[in-house]
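Coordinates as given in my_file-v4.pdb (PDB, C-alpha atoms, pLDDT in the B column):
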```pdb
MODEL        1
ATOM      1  CA  MET A1092       0.000   0.000   0.000  1.00 32.00           C
ATOM      2  CA  THR A1093       1.131   3.515  -0.673  1.00 36.00           C
ATOM      3  CA  GLY A1094       0.396   6.388   1.617  1.00 42.00           C
ATOM      4  CA  THR A1095       1.287   9.841   2.763  1.00 43.00           C
ATOM      5  CA  ALA A1096       2.822   9.989   6.223  1.00 43.00           C
ATOM      6  CA  HIS A1097       1.991  12.804   8.651  1.00 43.00           C
ATOM      7  CA  GLY A1098       3.852  11.932  11.865  1.00 46.00           C
ATOM      8  CA  ASP A1099       1.880   9.111  13.423  1.00 48.00           C
ATOM      9  CA  VAL A1100      -0.925   9.622  10.906  1.00 48.00           C
ATOM     10  CA  VAL A1101      -0.661   7.785   7.624  1.00 48.00           C
ATOM     11  CA  CYS A1102      -3.238   8.525   4.978  1.00 57.00           C
ATOM     12  CA  GLU A1103      -3.274   5.252   3.116  1.00 52.00           C
ATOM     13  CA  GLY A1104      -3.683   5.069  -0.635  1.00 50.00           C
ATOM     14  CA  ARG A1105      -6.920   3.128  -0.505  1.00 50.00           C
ATOM     15  CA  PRO A1106      -9.003   2.145  -3.461  1.00 56.00           C
ATOM     16  CA  GLY A1107     -12.028   4.320  -4.041  1.00 58.00           C
ATOM     17  CA  SER A1108     -12.836   7.887  -4.860  1.00 58.00           C
ATOM     18  CA  ALA A1109     -10.829  10.919  -3.792  1.00 55.00           C
ATOM     19  CA  ASP A1110     -13.670  11.784  -1.384  1.00 56.00           C
ATOM     20  CA  ASP A1111     -13.303   8.371   0.306  1.00 56.00           C
ATOM     21  CA  ARG A1112      -9.542   8.850   0.676  1.00 53.00           C
ATOM     22  CA  THR A1113     -10.010  12.394   2.037  1.00 57.00           C
ATOM     23  CA  GLN A1114     -12.562  11.134   4.553  1.00 62.00           C
ATOM     24  CA  SER A1115     -10.226   8.340   5.637  1.00 75.00           C
ATOM     25  CA  CYS A1116      -7.379  10.814   6.113  1.00 83.00           C
ATOM     26  CA  ALA A1117      -9.670  13.150   8.077  1.00 85.00           C
ATOM     27  CA  THR A1118     -10.665  10.243  10.326  1.00 88.00           C
ATOM     28  CA  ASP A1119      -7.036   9.244  10.863  1.00 85.00           C
ATOM     29  CA  ARG A1120      -6.073  12.819  11.752  1.00 83.00           C
ATOM     30  CA  TRP A1121      -9.071  13.164  14.070  1.00 87.00           C
ATOM     31  CA  ASP A1122      -8.016   9.970  15.864  1.00 88.00           C
ATOM     32  CA  ALA A1123      -4.482  11.367  16.245  1.00 83.00           C
ATOM     33  CA  LEU A1124      -5.852  14.627  17.646  1.00 86.00           C
ATOM     34  CA  ASP A1125      -8.115  12.741  20.046  1.00 90.00           C
ATOM     35  CA  ARG A1126      -5.205  10.587  21.322  1.00 88.00           C
ATOM     36  CA  LEU A1127      -3.061  13.685  21.810  1.00 88.00           C
ATOM     37  CA  HIS A1128      -5.872  15.521  23.600  1.00 90.00           C
ATOM     38  CA  ARG A1129      -6.426  12.583  25.959  1.00 92.00           C
ATOM     39  CA  ARG A1130      -2.708  12.373  26.794  1.00 90.00           C
ATOM     40  CA  VAL A1131      -2.415  16.082  27.557  1.00 92.00           C
ATOM     41  CA  GLN A1132      -5.713  16.181  29.465  1.00 94.00           C
ATOM     42  CA  ALA A1133      -4.792  13.184  31.651  1.00 95.00           C
ATOM     43  CA  THR A1134      -1.450  14.774  32.537  1.00 95.00           C
ATOM     44  CA  VAL A1135      -2.999  18.171  33.285  1.00 97.00           C
ATOM     45  CA  GLU A1136      -5.870  16.589  35.261  1.00 97.00           C
ATOM     46  CA  ARG A1137      -3.470  14.620  37.475  1.00 97.00           C
ATOM     47  CA  ARG A1138      -1.266  17.636  38.150  1.00 97.00           C
ATOM     48  CA  LEU A1139      -4.170  20.004  38.856  1.00 97.00           C
ATOM     49  CA  ARG A1140      -5.774  17.554  41.284  1.00 97.00           C
ATOM     50  CA  GLU A1141      -2.467  17.198  43.138  1.00 97.00           C
ATOM     51  CA  GLU A1142      -1.685  20.921  43.265  1.00 96.00           C
ATOM     52  CA  THR A1143      -5.099  22.562  43.591  1.00 95.00           C
ATOM     53  CA  GLY A1144      -7.724  19.930  44.355  1.00 95.00           C
ATOM     54  CA  PHE A1145      -9.607  20.988  41.209  1.00 96.00           C
ATOM     55  CA  GLY A1146     -10.012  19.067  37.962  1.00 95.00           C
ATOM     56  CA  VAL A1147      -9.635  20.345  34.418  1.00 95.00           C
ATOM     57  CA  SER A1148     -13.384  20.863  33.870  1.00 94.00           C
ATOM     58  CA  GLU A1149     -13.709  22.876  37.067  1.00 96.00           C
ATOM     59  CA  VAL A1150     -10.742  25.122  36.247  1.00 96.00           C
ATOM     60  CA  GLN A1151     -11.900  25.595  32.670  1.00 95.00           C
ATOM     61  CA  ALA A1152     -15.386  26.522  33.897  1.00 95.00           C
ATOM     62  CA  LEU A1153     -13.925  29.074  36.310  1.00 95.00           C
ATOM     63  CA  ARG A1154     -11.787  30.507  33.503  1.00 93.00           C
ATOM     64  CA  HIS A1155     -14.735  30.812  31.111  1.00 89.00           C
ATOM     65  CA  MET A1156     -16.952  32.448  33.706  1.00 89.00           C
ATOM     66  CA  GLY A1157     -14.341  34.753  35.180  1.00 84.00           C
ATOM     67  CA  GLY A1158     -12.576  36.031  32.105  1.00 64.00           C
ATOM     68  CA  HIS A1159     -12.936  39.628  33.279  1.00 50.00           C
ATOM     69  CA  SER A1160     -12.749  41.402  36.591  1.00 47.00           C
ATOM     70  CA  ALA A1161     -15.368  40.655  39.233  1.00 52.00           C
ATOM     71  CA  ALA A1162     -16.722  44.197  38.967  1.00 56.00           C
ATOM     72  CA  ASP A1163     -17.795  43.967  35.331  1.00 57.00           C
ATOM     73  CA  ALA A1164     -18.605  40.248  35.121  1.00 67.00           C
ATOM     74  CA  GLU A1165     -21.837  39.407  33.342  1.00 78.00           C
ATOM     75  CA  PRO A1166     -23.804  36.277  34.202  1.00 83.00           C
ATOM     76  CA  LEU A1167     -23.625  33.501  31.633  1.00 87.00           C
ATOM     77  CA  ARG A1168     -26.486  31.241  30.671  1.00 87.00           C
ATOM     78  CA  LEU A1169     -25.977  27.568  31.465  1.00 88.00           C
ATOM     79  CA  GLY A1170     -26.245  26.705  27.757  1.00 89.00           C
ATOM     80  CA  ASP A1171     -23.474  29.183  26.910  1.00 90.00           C
ATOM     81  CA  VAL A1172     -21.213  27.636  29.548  1.00 91.00           C
ATOM     82  CA  ALA A1173     -21.959  24.166  28.102  1.00 93.00           C
ATOM     83  CA  THR A1174     -21.049  25.373  24.612  1.00 93.00           C
ATOM     84  CA  ARG A1175     -17.838  27.035  25.779  1.00 91.00           C
ATOM     85  CA  LEU A1176     -16.760  23.907  27.672  1.00 92.00           C
ATOM     86  CA  GLY A1177     -17.832  21.467  24.974  1.00 93.00           C
ATOM     87  CA  LEU A1178     -19.968  19.553  27.471  1.00 93.00           C
ATOM     88  CA  SER A1179     -23.539  18.352  27.315  1.00 94.00           C
ATOM     89  CA  GLN A1180     -26.216  20.336  29.122  1.00 91.00           C
ATOM     90  CA  SER A1181     -26.554  17.623  31.774  1.00 93.00           C
ATOM     91  CA  ALA A1182     -22.784  17.327  32.354  1.00 96.00           C
ATOM     92  CA  THR A1183     -22.589  21.107  32.675  1.00 94.00           C
ATOM     93  CA  SER A1184     -25.494  21.090  35.159  1.00 92.00           C
ATOM     94  CA  ARG A1185     -23.672  18.506  37.306  1.00 95.00           C
ATOM     95  CA  LEU A1186     -20.432  20.521  37.112  1.00 96.00           C
ATOM     96  CA  MET A1187     -22.240  23.730  38.081  1.00 95.00           C
ATOM     97  CA  ALA A1188     -23.931  21.923  40.997  1.00 95.00           C
ATOM     98  CA  ARG A1189     -20.481  20.894  42.303  1.00 95.00           C
ATOM     99  CA  LEU A1190     -19.171  24.454  41.970  1.00 96.00           C
ATOM    100  CA  ARG A1191     -22.305  25.831  43.659  1.00 96.00           C
ATOM    101  CA  ARG A1192     -21.920  23.407  46.616  1.00 96.00           C
ATOM    102  CA  GLN A1193     -18.336  24.664  47.006  1.00 96.00           C
ATOM    103  CA  GLY A1194     -19.585  28.261  47.079  1.00 96.00           C
ATOM    104  CA  LEU A1195     -17.713  29.159  43.887  1.00 97.00           C
ATOM    105  CA  ILE A1196     -20.679  30.220  41.755  1.00 95.00           C
ATOM    106  CA  ILE A1197     -24.058  31.843  42.156  1.00 92.00           C
ATOM    107  CA  SER A1198     -26.869  30.644  39.942  1.00 86.00           C
ATOM    108  CA  SER A1199     -30.313  32.079  39.422  1.00 83.00           C
ATOM    109  CA  ALA A1200     -33.238  31.920  37.045  1.00 81.00           C
ATOM    110  CA  VAL A1201     -33.061  34.189  34.019  1.00 74.00           C
ATOM    111  CA  ASP A1202     -35.403  37.141  34.565  1.00 71.00           C
ATOM    112  CA  HIS A1203     -37.160  36.992  31.204  1.00 72.00           C
ATOM    113  CA  ASP A1204     -37.092  33.176  30.881  1.00 67.00           C
ATOM    114  CA  ARG A1205     -37.825  31.325  34.117  1.00 66.00           C
ATOM    115  CA  ARG A1206     -36.652  28.040  32.572  1.00 70.00           C
ATOM    116  CA  GLY A1207     -33.189  29.470  31.888  1.00 78.00           C
ATOM    117  CA  VAL A1208     -30.365  29.480  34.414  1.00 82.00           C
ATOM    118  CA  GLN A1209     -27.659  32.114  34.625  1.00 86.00           C
ATOM    119  CA  ILE A1210     -24.379  31.689  36.448  1.00 90.00           C
ATOM    120  CA  LEU A1211     -21.904  34.136  37.923  1.00 91.00           C
ATOM    121  CA  LEU A1212     -18.678  33.570  39.825  1.00 93.00           C
ATOM    122  CA  ALA A1213     -18.973  34.191  43.529  1.00 94.00           C
ATOM    123  CA  PRO A1214     -16.127  36.004  45.328  1.00 94.00           C
ATOM    124  CA  ALA A1215     -14.770  32.588  46.372  1.00 96.00           C
ATOM    125  CA  GLY A1216     -14.866  31.563  42.691  1.00 95.00           C
ATOM    126  CA  HIS A1217     -12.761  34.569  41.712  1.00 94.00           C
ATOM    127  CA  ALA A1218     -10.290  33.679  44.472  1.00 95.00           C
ATOM    128  CA  ALA A1219     -10.164  30.052  43.270  1.00 96.00           C
ATOM    129  CA  LEU A1220      -9.612  31.266  39.717  1.00 95.00           C
ATOM    130  CA  ARG A1221      -6.674  33.425  40.840  1.00 94.00           C
ATOM    131  CA  ARG A1222      -5.184  30.436  42.718  1.00 94.00           C
ATOM    132  CA  THR A1223      -5.597  27.933  39.888  1.00 96.00           C
ATOM    133  CA  SER A1224      -5.142  29.906  36.674  1.00 94.00           C
ATOM    134  CA  SER A1225      -1.344  30.077  36.579  1.00 94.00           C
ATOM    135  CA  ARG A1226      -1.040  26.450  37.707  1.00 96.00           C
ATOM    136  CA  TYR A1227      -3.395  25.382  34.922  1.00 96.00           C
ATOM    137  CA  GLU A1228      -1.421  27.321  32.321  1.00 94.00           C
ATOM    138  CA  GLN A1229       1.886  25.883  33.559  1.00 95.00           C
ATOM    139  CA  ALA A1230       0.494  22.335  33.651  1.00 96.00           C
ATOM    140  CA  VAL A1231      -0.672  22.637  30.041  1.00 93.00           C
ATOM    141  CA  ARG A1232       2.673  24.094  28.904  1.00 91.00           C
ATOM    142  CA  ASP A1233       4.589  21.328  30.685  1.00 92.00           C
ATOM    143  CA  ALA A1234       2.332  18.571  29.315  1.00 91.00           C
ATOM    144  CA  VAL A1235       2.748  19.869  25.760  1.00 88.00           C
ATOM    145  CA  ARG A1236       6.500  20.283  26.187  1.00 86.00           C
ATOM    146  CA  ASP A1237       6.799  16.740  27.530  1.00 86.00           C
ATOM    147  CA  LEU A1238       5.002  15.232  24.530  1.00 81.00           C
ATOM    148  CA  GLY A1239       8.228  15.056  22.624  1.00 71.00           C
ATOM    149  CA  SER A1240       8.132  13.948  19.035  1.00 62.00           C
ATOM    150  CA  GLN A1241       7.495  10.269  19.722  1.00 63.00           C
ATOM    151  CA  ASP A1242       3.968   9.259  18.725  1.00 69.00           C
ATOM    152  CA  THR A1243       2.936  12.870  18.157  1.00 74.00           C
ATOM    153  CA  ASP A1244       1.800  14.263  14.848  1.00 74.00           C
ATOM    154  CA  PRO A1245       4.300  17.052  14.094  1.00 77.00           C
ATOM    155  CA  LEU A1246       1.616  19.435  12.807  1.00 77.00           C
ATOM    156  CA  LEU A1247      -0.438  19.043  15.980  1.00 77.00           C
ATOM    157  CA  ARG A1248       2.655  19.495  18.141  1.00 77.00           C
ATOM    158  CA  GLN A1249       3.594  22.601  16.146  1.00 79.00           C
ATOM    159  CA  PHE A1250       0.130  24.031  16.665  1.00 79.00           C
ATOM    160  CA  LEU A1251       0.212  23.413  20.435  1.00 80.00           C
ATOM    161  CA  THR A1252       3.695  24.815  20.940  1.00 78.00           C
ATOM    162  CA  GLY A1253       3.238  27.755  18.576  1.00 77.00           C
ATOM    163  CA  ASP A1254       6.334  26.726  16.606  1.00 72.00           C
ATOM    164  CA  GLY A1255       6.630  27.216  12.885  1.00 62.00           C
ATOM    165  CA  GLU A1256       3.735  28.336  10.759  1.00 55.00           C
ATOM    166  CA  ALA A1257       0.946  27.159  13.075  1.00 46.00           C
ATOM    167  CA  ARG A1258      -1.212  30.035  14.303  1.00 53.00           C
ATOM    168  CA  THR A1259      -3.593  30.111  17.210  1.00 49.00           C
ATOM    169  CA  VAL A1260      -6.990  31.721  16.715  1.00 49.00           C
ATOM    170  CA  ILE A1261      -8.781  32.744  19.896  1.00 46.00           C
ATOM    171  CA  ARG A1262     -12.475  33.568  19.698  1.00 44.00           C
TER     172      ARG A1262
ENDMDL
END
```
Would you write the structure of this file as structure tokens?
Amino acid sequence: MTGTAHGDVVCEGRPGSADDRTQSCATDRWDALDRLHRRVQATVERRLREETGFGVSEVQALRHMGGHSAADAEPLRLGDVATRLGLSQSATSRLMARLRRQGLIISSAVDHDRRGVQILLAPAGHAALRRTSSRYEQAVRDAVRDLGSQDTDPLLRQFLTGDGEARTVIR
């Protein structure tokens, strides 16, 4: 078989149409990205739990809700938090319940839509965010640095490290 190698991703020259081959390559690259994500997330999760007592989802939720100063923070709808975190509505509800029990967030019904829930960081949530933010960033940097080139797609590694032509787009 002939193929095009991309680090640990090989897009095999399979019989079939160009669309089939493109789809196969996309699937292979997605699998490589998923493996890389799981490796980095497991490393970051372990380190955060040890150093802060928080997990990745909790720290990411705090970061998404507390992106600005406490004075000008706007409440977020539960659905918006779910979208930002890439979690289901029910997983986000469970996560928010844990943060609420810890006194880190305040939740209330949306004024104009009683079925909606809005969430705001409590003062303790802002304090937790200040304590965990730099540790989270350092844990991610260290996990990416420690990937090395073994079993890592070079384009994905380039993107994560910011080396070469890869560019990060933040929205």
Exercise for review: Might you spell out which residues the PyMOL selection byres ((chain A and resi 1206-1215) around 6) would select in the displayed file, as a PyMOL selection string?
Suggested key: chain A and resi 1166-1169+1195-1201+1204-1205+1216-1218
Practice item. In Å, rounded to a single decimal, give me how far atom CA of A:Gly1170 is from atom CA of A:Gly1157. Key: 16.2 Å
Practice item. Given the file shown, determine the residues that the PyMOL selection byres ((chain A and resi 1150-1156) around 10) selects; report them as a PyMOL selection string. Key: chain A and resi 1136+1139+1143+1145-1149+1157-1159+1164-1167+1171-1173+1175-1176+1183+1186-1187+1190+1195-1196+1210-1212+1216-1217+1219-1221+1223-1224+1226-1227
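Using only C-alpha atoms, the nearest neighbour of A:Gln1229 within the list A:Thr1174, A:Leu1247, A:Glu1142, A:Leu1127 is A:Glu1142.
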Review point. Could you state the separation of atom CA of A:Cys1116 and atom CA of A:Asp1244 in Å, given to one decimal place?
Key: 13.1 Å
Point to revise | Top pick for closest residue to A:Arg1138, considering A:Val1231, A:Gln1193, A:Arg1126, A:Thr1118 and counting only C-alpha atoms | key: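 Of A:Val1231, A:Gln1193, A:Arg1126, A:Thr1118, the one nearest A:Arg1138 is A:Val1231, counting only C-alpha atoms.
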Please determine an axis-aligned box that encloses all atoms of stretch 1168-1183 of chain A listed in the file, with 4 Å added on each side, and express its centre and edge lengths in Å to one decimal as JSON.
```
{"center_x": -21.7, "center_y": 24.3, "center_z": 28.6, "size_x": 17.8, "size_y": 21.9, "size_z": 16.1}
```
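Atom CA of A:Arg1130 sits 8.4 Å away from atom CA of A:Ala1234.
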**Study point:** Nearest residue to A:Gly1239 from the set A:Arg1120, A:Asp1125, A:Arg1222, A:Val1131 (distances using all atoms listed in the file)
**Key:**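 Closest to A:Gly1239, using all atoms listed in the file: A:Val1131.
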Practice item. Apply the PyMOL selection byres ((chain A and resi 1251) around 12) to the structure shown and report the selected residues as a PyMOL selection string. Key: chain A and resi 1124+1127-1128+1131+1231-1239+1243-1250+1252-1260
Would you fill the gaps in stretch 1224-1256 of chain A so it has N, CA and C atoms, then print it as a tab-separated table (two decimals), in the coordinates of the input?
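Result file follows (result13.tsv):
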```tsv
chain	number	residue	atom	x	y	z
A	1224	SER	N	-5.38	29.52	38.07
A	1224	SER	CA	-5.14	29.91	36.67
A	1224	SER	C	-3.70	29.69	36.24
A	1225	SER	N	-2.75	30.21	36.99
A	1225	SER	CA	-1.34	30.08	36.58
A	1225	SER	C	-0.89	28.63	36.66
A	1226	ARG	N	-1.40	27.87	37.62
A	1226	ARG	CA	-1.04	26.45	37.71
A	1226	ARG	C	-1.59	25.67	36.52
A	1227	TYR	N	-2.80	26.01	36.10
A	1227	TYR	CA	-3.40	25.38	34.92
A	1227	TYR	C	-2.54	25.67	33.68
A	1228	GLU	N	-2.22	26.94	33.48
A	1228	GLU	CA	-1.42	27.32	32.32
A	1228	GLU	C	-0.07	26.62	32.32
A	1229	GLN	N	0.58	26.55	33.48
A	1229	GLN	CA	1.89	25.88	33.56
A	1229	GLN	C	1.75	24.39	33.33
A	1230	ALA	N	0.71	23.77	33.85
A	1230	ALA	CA	0.49	22.34	33.65
A	1230	ALA	C	0.29	22.01	32.17
A	1231	VAL	N	-0.46	22.86	31.48
A	1231	VAL	CA	-0.67	22.64	30.04
A	1231	VAL	C	0.64	22.80	29.30
A	1232	ARG	N	1.38	23.87	29.58
A	1232	ARG	CA	2.67	24.09	28.90
A	1232	ARG	C	3.61	22.92	29.13
A	1233	ASP	N	3.70	22.45	30.38
A	1233	ASP	CA	4.59	21.33	30.68
A	1233	ASP	C	4.15	20.05	29.98
A	1234	ALA	N	2.84	19.79	29.96
A	1234	ALA	CA	2.33	18.57	29.32
A	1234	ALA	C	2.63	18.60	27.82
A	1235	VAL	N	2.46	19.75	27.20
A	1235	VAL	CA	2.75	19.87	25.76
A	1235	VAL	C	4.24	19.72	25.52
A	1236	ARG	N	5.03	20.37	26.33
A	1236	ARG	CA	6.50	20.28	26.19
A	1236	ARG	C	6.97	18.84	26.33
A	1237	ASP	N	6.37	18.11	27.25
A	1237	ASP	CA	6.80	16.74	27.53
A	1237	ASP	C	6.29	15.72	26.51
A	1238	LEU	N	5.48	16.15	25.56
A	1238	LEU	CA	5.00	15.23	24.53
A	1238	LEU	C	6.15	14.66	23.72
A	1239	GLY	N	7.14	15.50	23.48
A	1239	GLY	CA	8.23	15.06	22.62
A	1239	GLY	C	7.72	14.78	21.23
A	1240	SER	N	8.55	14.21	20.41
A	1240	SER	CA	8.13	13.95	19.04
A	1240	SER	C	7.64	12.52	18.86
A	1241	GLN	N	7.91	11.67	19.83
A	1241	GLN	CA	7.50	10.27	19.72
A	1241	GLN	C	5.97	10.17	19.76
A	1242	ASP	N	5.41	9.50	18.80
A	1242	ASP	CA	3.97	9.26	18.73
A	1242	ASP	C	3.13	10.54	18.69
A	1243	THR	N	3.70	11.62	18.23
A	1243	THR	CA	2.94	12.87	18.16
A	1243	THR	C	3.01	13.41	16.74
A	1244	ASP	N	1.86	13.68	16.17
A	1244	ASP	CA	1.80	14.26	14.85
A	1244	ASP	C	2.53	15.61	14.90
A	1245	PRO	N	3.51	15.82	14.03
A	1245	PRO	CA	4.30	17.05	14.09
A	1245	PRO	C	3.47	18.32	13.87
A	1246	LEU	N	2.44	18.25	13.04
A	1246	LEU	CA	1.62	19.43	12.81
A	1246	LEU	C	0.81	19.79	14.05
A	1247	LEU	N	0.30	18.79	14.74
A	1247	LEU	CA	-0.44	19.04	15.98
A	1247	LEU	C	0.49	19.60	17.05
A	1248	ARG	N	1.68	19.01	17.15
A	1248	ARG	CA	2.66	19.50	18.14
A	1248	ARG	C	3.05	20.93	17.83
A	1249	GLN	N	3.26	21.23	16.56
A	1249	GLN	CA	3.59	22.60	16.15
A	1249	GLN	C	2.50	23.57	16.54
A	1250	PHE	N	1.26	23.17	16.32
A	1250	PHE	CA	0.13	24.03	16.66
A	1250	PHE	C	0.10	24.30	18.16
A	1251	LEU	N	0.28	23.26	18.98
A	1251	LEU	CA	0.21	23.41	20.43
A	1251	LEU	C	1.37	24.23	21.00
A	1252	THR	N	2.53	24.09	20.42
A	1252	THR	CA	3.70	24.82	20.94
A	1252	THR	C	3.85	26.20	20.34
A	1253	GLY	N	3.12	26.46	19.23
A	1253	GLY	CA	3.24	27.76	18.58
A	1253	GLY	C	4.46	27.86	17.71
A	1254	ASP	N	5.15	26.73	17.46
A	1254	ASP	CA	6.33	26.73	16.61
A	1254	ASP	C	5.94	26.79	15.14
A	1255	GLY	N	6.82	27.26	14.33
A	1255	GLY	CA	6.63	27.22	12.88
A	1255	GLY	C	5.49	28.09	12.41
A	1256	GLU	N	4.78	27.58	11.43
A	1256	GLU	CA	3.74	28.34	10.76
A	1256	GLU	C	2.39	28.25	11.44
```
